[in-house]
Amino acid sequence: MIEITHLTKHHRGTPAVRDVSFRALPGRVTGFLGPNGAGKSSTLRILLGLDHADGGTATIGGKPYRELASPLRTVGALLEGSGAHRSRTARAHLEWVALSNGIARDRVPRVLDEVGLTDAAGTRIRKFSLGMSRRLGIATALLGDPEVLVLDEPVNGLDPEGIRWLRRLVRTAADDGRTVLLSSHFMAEMSSTADDLVVIAAGCVVAQGSIDEVVGDHAGLEDAFFTLTAGGKA
Amino acid sequence: MRQLVVAELRKLMSLPIALLAGGLSVAGQVAIGALTAGGLRERLDAGTAYGSAADNVFQLVMPGAVGAIVLGVVLVGSEYTSNSTDAGGGRQITTSLLAVPQRGRLVAGKALALVIASVVLATTAIVGVLAVTSVLLGPHSVLANGLDGAERGRAVGGLVYWTLSALIGFGITWVTRSGVIPLIVLVVNSSVVSVTYLLSKVTSVAYYFPDLAGLRMIIRDTGTGVAPLTGGLVMALWTAGILLASGFLFARRDA
């Protein structure tokens with residue numbers, strides 16, 4: 001389970017995350033929805049131990065990320081791009097990541113196959129398209145067969161077939177009892193993928209609950225989203 | 001920690017620029033040794049050489065250290081290289097910190113991997129230079145009568161100098177988060193114009209800069225500067241200071 005409590009973060013004096021609290025539960029896909037610049041990535045970066053919070057806590061299975069031993073075996077995460085150096089091959093990238101967390105080497109060809117990059121395993125990452133970079137990033141997240149997946153804007157750059165594949169992947173992960181937290185600014189994507197939603201605008205959580213609860217009396221998710229996020233900015 | 005060091009070594013060996021820096025530093029040093037040995041032998045035969053055969057041979061260890069500096073710098077600089085926005089941007093440091101979120105541990109693991117790589121490279125380079133020059137210098141060969149205590153000290157000094165140079169480049173790059181500035185400053189200072197050497201003409205305090213102090217482990221008979229062992233200690237202190245400061249900064253900064 002992911003639990004975020006009263007999280008606050010400023011970037012050079014400007015509040016980026018303001019008193020954000022929510023949970024993402026095992027067996028469910030939690031959508032983290034908000035416009036660009038709403039604080040989604042800032043929240044996820046703190047959750048993953050990359051940035052410091054000014055206040056509040058973010059834990060995974062009750063522990064801050066930095067206290068996890070071999071964290072990739074518990075949490076798989078995707079942030080910007082592939083997270084790989086461009087002059088390495090996809091295989092070499094996954095191999096060092098596996099070594100760093102004591103992950104069996106045979107996971108490398110398996111995840112490459114899972115994301116459809118087997119044929120590109122020996123290709124240098126600088127030659128990768130945006131879609132391939134995202135797939136490599138997802139392969140890195142899956143490498144440790146983690147119980148928790150944190151994916152920041154995973155559909156960005158994926159083609160329609162890729163989006164469909166990703167949707168199935170997160171559904172299967174949740175059905176297996178894993179916790180999936182997925183950020184996006186695409187409402188259509190969220191309404192077809194997520195079980196629960198956390199809507200964030202201008203650094204504040206403006207709504208959370210199941211999709212039905214968030215949509216409430218609005219005509220649809222899009223309608224609800226614009227009403228909620230406009231309110232958050234006011 | 002062993003797991004982390006092995007992963008960092010794997011990372012280093014799959015980075016083409018790191019392999020190039022390592023390969024060129026060893027090959028370049030041995031090649032310079034081979035190319036200059038002829039002239040040196042003539043000067044030694046004629047008795048016009050500046051310094052002994054050993055002085056001249058061990059001097060050859062210095063330029064190779066530039067490769068070690070480059071290795072240290074690219075090991076960190078590569079973490080911060082951005083991918084093109086067409087490929088979604090992003091930097092490897094994110095993945096490295098997701099894999100090893102304890103910052104001090106990540107810096108220590110990387111530093112250890114660099115020490116291992118530097119020691120292997122420096123040993124190869126120093127053995128290579130000694131072997132090549134002893135063949136070409138004939139009767140003046142440094143190896144002909146075996147290395148005496150001072151010469152063994154210089155060989156070890158060369159190895160320490162390479163390793164500490166690499167660690168200094170490594171430490172500074174954690175602060176700058178890009179290899180460009182440290183590469184320009186450190187490589188220019190150790191190859192083209194040595195600012196620290198020029199400073200030493202003005203003030204003897206400059207002998208306590210890490211590069212000049214460290215060089216005293218290799219070059220003995222200059223009549224100036226600090227004692228060899230002091231030089232090594234001074235360079236090691238600088239290195240430790242730089243690593244501690246950069247590790248502290250890295251631990252506090254957002255990635």
# chains A, B, ... in the order shown; residues from 1 in each chain; ligands from 1
$ residues_around --residues "Gly225 in chain B" --least-positions-apart "4" --cutoff "12 Å" --atoms "only C-alpha atoms" --output "list in words"
Tyr197, Ser200, Lys201, Thr203, Ser204, Val205, Ala206, Tyr207, Tyr208, Phe209, Pro210, Asp211, Leu212, Ala213, Gly214, Leu215, Arg216, Met217, Ile219, Arg220, Asp221, Leu229, Thr230, Gly231 and Val234 of chain B
$ write_last_selection --atoms "C-alpha atoms" --output "compact mmCIF listing (two decimals), in the first residue's frame"
# COMPACT_ATOMS: atom_id res chain seq x y z
CA TYR B 197 52.60 24.86 -11.54
CA SER B 200 54.14 27.53 -7.57
CA LYS B 201 56.56 29.99 -9.21
CA THR B 203 54.18 31.15 -3.96
CA SER B 204 55.40 27.94 -2.37
CA VAL B 205 51.90 27.40 -0.95
CA ALA B 206 51.00 26.13 -4.43
CA TYR B 207 53.07 23.01 -3.72
CA TYR B 208 50.19 21.98 -1.49
CA PHE B 209 47.70 21.87 -4.37
CA PRO B 210 46.64 18.25 -4.87
CA ASP B 211 48.24 17.76 -8.27
CA LEU B 212 51.64 19.26 -7.44
CA ALA B 213 51.74 17.58 -4.04
CA GLY B 214 50.73 14.23 -5.56
CA LEU B 215 53.32 14.47 -8.33
CA ARG B 216 56.05 14.40 -5.70
CA MET B 217 55.23 10.72 -5.23
CA ILE B 219 59.02 12.85 -9.47
CA ARG B 220 61.60 12.86 -6.76
CA ASP B 221 64.63 14.91 -7.57
CA LEU B 229 55.13 10.80 1.40
CA THR B 230 53.84 14.20 2.55
CA GLY B 231 52.81 14.88 -1.06
CA VAL B 234 48.32 16.04 1.06
$ interface_residues --of "chain B" --to "chain A" --cutoff "10 Å" --atoms "only C-alpha atoms" --output "PyMOL selection string"
chain B and resi 1-17+78-103+252-255
$ residues_around --residues "Arg41 in chain B" --least-positions-apart "4" --cutoff "10 Å" --atoms "only C-alpha atoms" --output "PyMOL selection string"
chain B and resi 36-37+45-47+49+53+133+136-141
$ atom_distance --atom1 "CA of Gly64 in chain B" --atom2 "CA of Leu164 in chain B"
12.9 Å
$ atom_distance --atom1 "CA of Arg12 in chain A" --atom2 "CA of Asp54 in chain A"
11.7 Å
$ closest_residue --among "B:Leu243, B:Ile172, B:Ala111, B:Leu130" --to "Glu151 in chain B" --atoms "only C-alpha atoms"
B:Leu130
$ atom_distance --atom1 "CA of Gly122 in chain A" --atom2 "CA of Ala90 in chain A"
6.3 Å
$ residues_around --residues "Ala139 in chain A" --least-positions-apart "5" --cutoff "8 Å" --atoms "only C-alpha atoms" --output "list in words"
Val111, Leu112, Glu114 and Val115 of chain A
$ residues_around --residues "Val206 in chain A" --least-positions-apart "2" --cutoff "12 Å" --atoms "only C-alpha atoms" --output "VMD selection string"
chain A and resid 18 to 22 32 to 34 38 197 to 204 208 to 209 214 224 to 234
$ write_last_selection --atoms "N, CA and C atoms" --output "CSV table (one decimal), in the first residue's frame"
chain,number,residue,atom,x,y,z
A,18,ARG,N,0.7,20.9,-1.8
A,18,ARG,CA,0.1,21.5,-0.6
A,18,ARG,C,-0.8,20.5,0.1
A,19,ASP,N,-0.2,20.0,1.2
A,19,ASP,CA,-1.0,19.2,2.1
A,19,ASP,C,-1.7,18.0,1.4
A,20,VAL,N,-1.0,17.3,0.6
A,20,VAL,CA,-1.5,16.2,-0.2
A,20,VAL,C,-1.6,14.9,0.7
A,21,SER,N,-2.8,14.3,0.8
A,21,SER,CA,-2.9,13.0,1.5
A,21,SER,C,-3.8,12.1,0.6
A,22,PHE,N,-3.3,10.9,0.4
A,22,PHE,CA,-4.2,9.8,-0.2
A,22,PHE,C,-3.5,8.5,-0.1
A,32,PHE,N,-3.8,9.0,-10.7
A,32,PHE,CA,-3.5,10.3,-10.1
A,32,PHE,C,-3.6,11.3,-11.3
A,33,LEU,N,-4.7,12.0,-11.2
A,33,LEU,CA,-5.1,12.8,-12.4
A,33,LEU,C,-5.0,14.3,-12.1
A,34,GLY,N,-4.5,15.0,-13.0
A,34,GLY,CA,-4.4,16.5,-12.8
A,34,GLY,C,-3.8,17.1,-14.1
A,38,ALA,N,0.4,20.3,-12.0
A,38,ALA,CA,-0.5,20.3,-10.8
A,38,ALA,C,0.2,19.8,-9.6
A,197,LEU,N,-9.6,7.2,-8.1
A,197,LEU,CA,-9.0,8.4,-8.6
A,197,LEU,C,-8.6,9.3,-7.5
A,198,VAL,N,-7.5,10.0,-7.7
A,198,VAL,CA,-7.1,11.1,-6.9
A,198,VAL,C,-6.9,12.3,-7.9
A,199,VAL,N,-7.7,13.3,-7.7
A,199,VAL,CA,-7.6,14.5,-8.6
A,199,VAL,C,-6.8,15.6,-7.9
A,200,ILE,N,-5.8,16.1,-8.6
A,200,ILE,CA,-5.0,17.1,-8.0
A,200,ILE,C,-4.9,18.3,-8.9
A,201,ALA,N,-5.0,19.5,-8.3
A,201,ALA,CA,-4.9,20.8,-9.1
A,201,ALA,C,-4.2,21.8,-8.2
A,202,ALA,N,-3.3,22.5,-8.9
A,202,ALA,CA,-2.5,23.5,-8.2
A,202,ALA,C,-1.9,23.0,-6.8
A,203,GLY,N,-1.5,21.8,-6.8
A,203,GLY,CA,-0.8,21.3,-5.6
A,203,GLY,C,-1.7,20.7,-4.6
A,204,CYS,N,-3.1,20.8,-4.8
A,204,CYS,CA,-4.0,20.3,-3.8
A,204,CYS,C,-4.8,19.2,-4.3
A,208,GLN,N,-11.1,12.7,-4.3
A,208,GLN,CA,-10.6,11.3,-4.4
A,208,GLN,C,-11.7,10.3,-4.0
A,209,GLY,N,-11.5,9.1,-4.5
A,209,GLY,CA,-12.5,8.1,-4.3
A,209,GLY,C,-12.6,7.2,-5.6
A,214,VAL,N,-16.0,10.2,-7.7
A,214,VAL,CA,-15.4,11.4,-8.2
A,214,VAL,C,-16.3,12.1,-9.3
A,224,ALA,N,-16.5,16.5,-14.7
A,224,ALA,CA,-16.1,16.6,-13.3
A,224,ALA,C,-14.7,17.2,-13.1
A,225,PHE,N,-13.8,16.7,-14.0
A,225,PHE,CA,-12.4,17.1,-14.0
A,225,PHE,C,-12.3,18.7,-14.1
A,226,PHE,N,-12.9,19.2,-15.1
A,226,PHE,CA,-12.8,20.6,-15.4
A,226,PHE,C,-13.4,21.4,-14.2
A,227,THR,N,-14.5,21.0,-13.7
A,227,THR,CA,-15.2,21.7,-12.6
A,227,THR,C,-14.2,21.6,-11.4
A,228,LEU,N,-13.7,20.4,-11.1
A,228,LEU,CA,-12.9,20.3,-9.9
A,228,LEU,C,-11.6,21.0,-10.0
A,229,THR,N,-10.9,20.9,-11.2
A,229,THR,CA,-9.6,21.6,-11.3
A,229,THR,C,-9.7,23.1,-11.4
A,230,ALA,N,-10.8,23.6,-12.0
A,230,ALA,CA,-11.0,25.0,-12.0
A,230,ALA,C,-11.2,25.5,-10.6
A,231,GLY,N,-11.9,24.8,-9.8
A,231,GLY,CA,-12.1,25.1,-8.3
A,231,GLY,C,-10.8,25.2,-7.6
A,232,GLY,N,-9.9,24.2,-7.9
A,232,GLY,CA,-8.6,24.1,-7.2
A,232,GLY,C,-7.7,25.3,-7.5
A,233,LYS,N,-7.9,25.9,-8.7
A,233,LYS,CA,-7.0,27.0,-9.1
A,233,LYS,C,-7.5,28.3,-8.5
A,234,ALA,N,-8.8,28.4,-8.2
A,234,ALA,CA,-9.4,29.6,-7.7
A,234,ALA,C,-8.8,30.0,-6.4
$ residues_around --residues "Val29 in chain A" --least-positions-apart "3" --cutoff "12 Å" --atoms "only C-alpha atoms" --output "PyMOL selection string"
chain A and resi 1-2+23-26+32+148-151+167-183+190-198+209-211
$ closest_residue --among "B:Leu75, B:Val187, B:Ala27, B:Ile242" --to "Val127 in chain B" --atoms "only C-alpha atoms"
B:Ala27
$ select_by_dssp --residues "range 31-144 of chain B" --states "alpha helix (DSSP H)" --output "PyMOL selection string"
chain B and resi 31-46+53-59+61-77+92-99+103-137
$ closest_residue --among "B:Gly247, B:Pro182, B:Gly157, B:Pro228" --to "Lys110 in chain B" --atoms "only C-alpha atoms"
B:Gly247
$ residues_around --residues "Pro63 in chain B" --least-positions-apart "4" --cutoff "10 Å" --atoms "only C-alpha atoms" --output "PDB file with C-alpha atoms, in the first residue's frame"
ATOM      1  CA  SER B  25      45.242   6.431 -21.072  1.00  0.00           C
ATOM      2  CA  VAL B  26      47.032   3.076 -20.965  1.00  0.00           C
ATOM      3  CA  GLY B  28      48.782   6.550 -24.860  1.00  0.00           C
ATOM      4  CA  GLN B  29      51.144   6.293 -21.950  1.00  0.00           C
ATOM      5  CA  ILE B  32      54.638   7.939 -25.463  1.00  0.00           C
ATOM      6  CA  GLN B  59      57.663  11.083 -15.588  1.00  0.00           C
ATOM      7  CA  GLY B  67      42.738   9.425 -18.714  1.00  0.00           C
ATOM      8  CA  ALA B  68      41.981   8.506 -15.111  1.00  0.00           C
ATOM      9  CA  TRP B 162      46.212   7.943 -10.919  1.00  0.00           C
ATOM     10  CA  VAL B 187      42.524  18.239 -18.223  1.00  0.00           C
ATOM     11  CA  SER B 190      47.213  18.546 -16.059  1.00  0.00           C
ATOM     12  CA  SER B 191      48.207  18.682 -19.720  1.00  0.00           C
TER      13      SER B 191
END
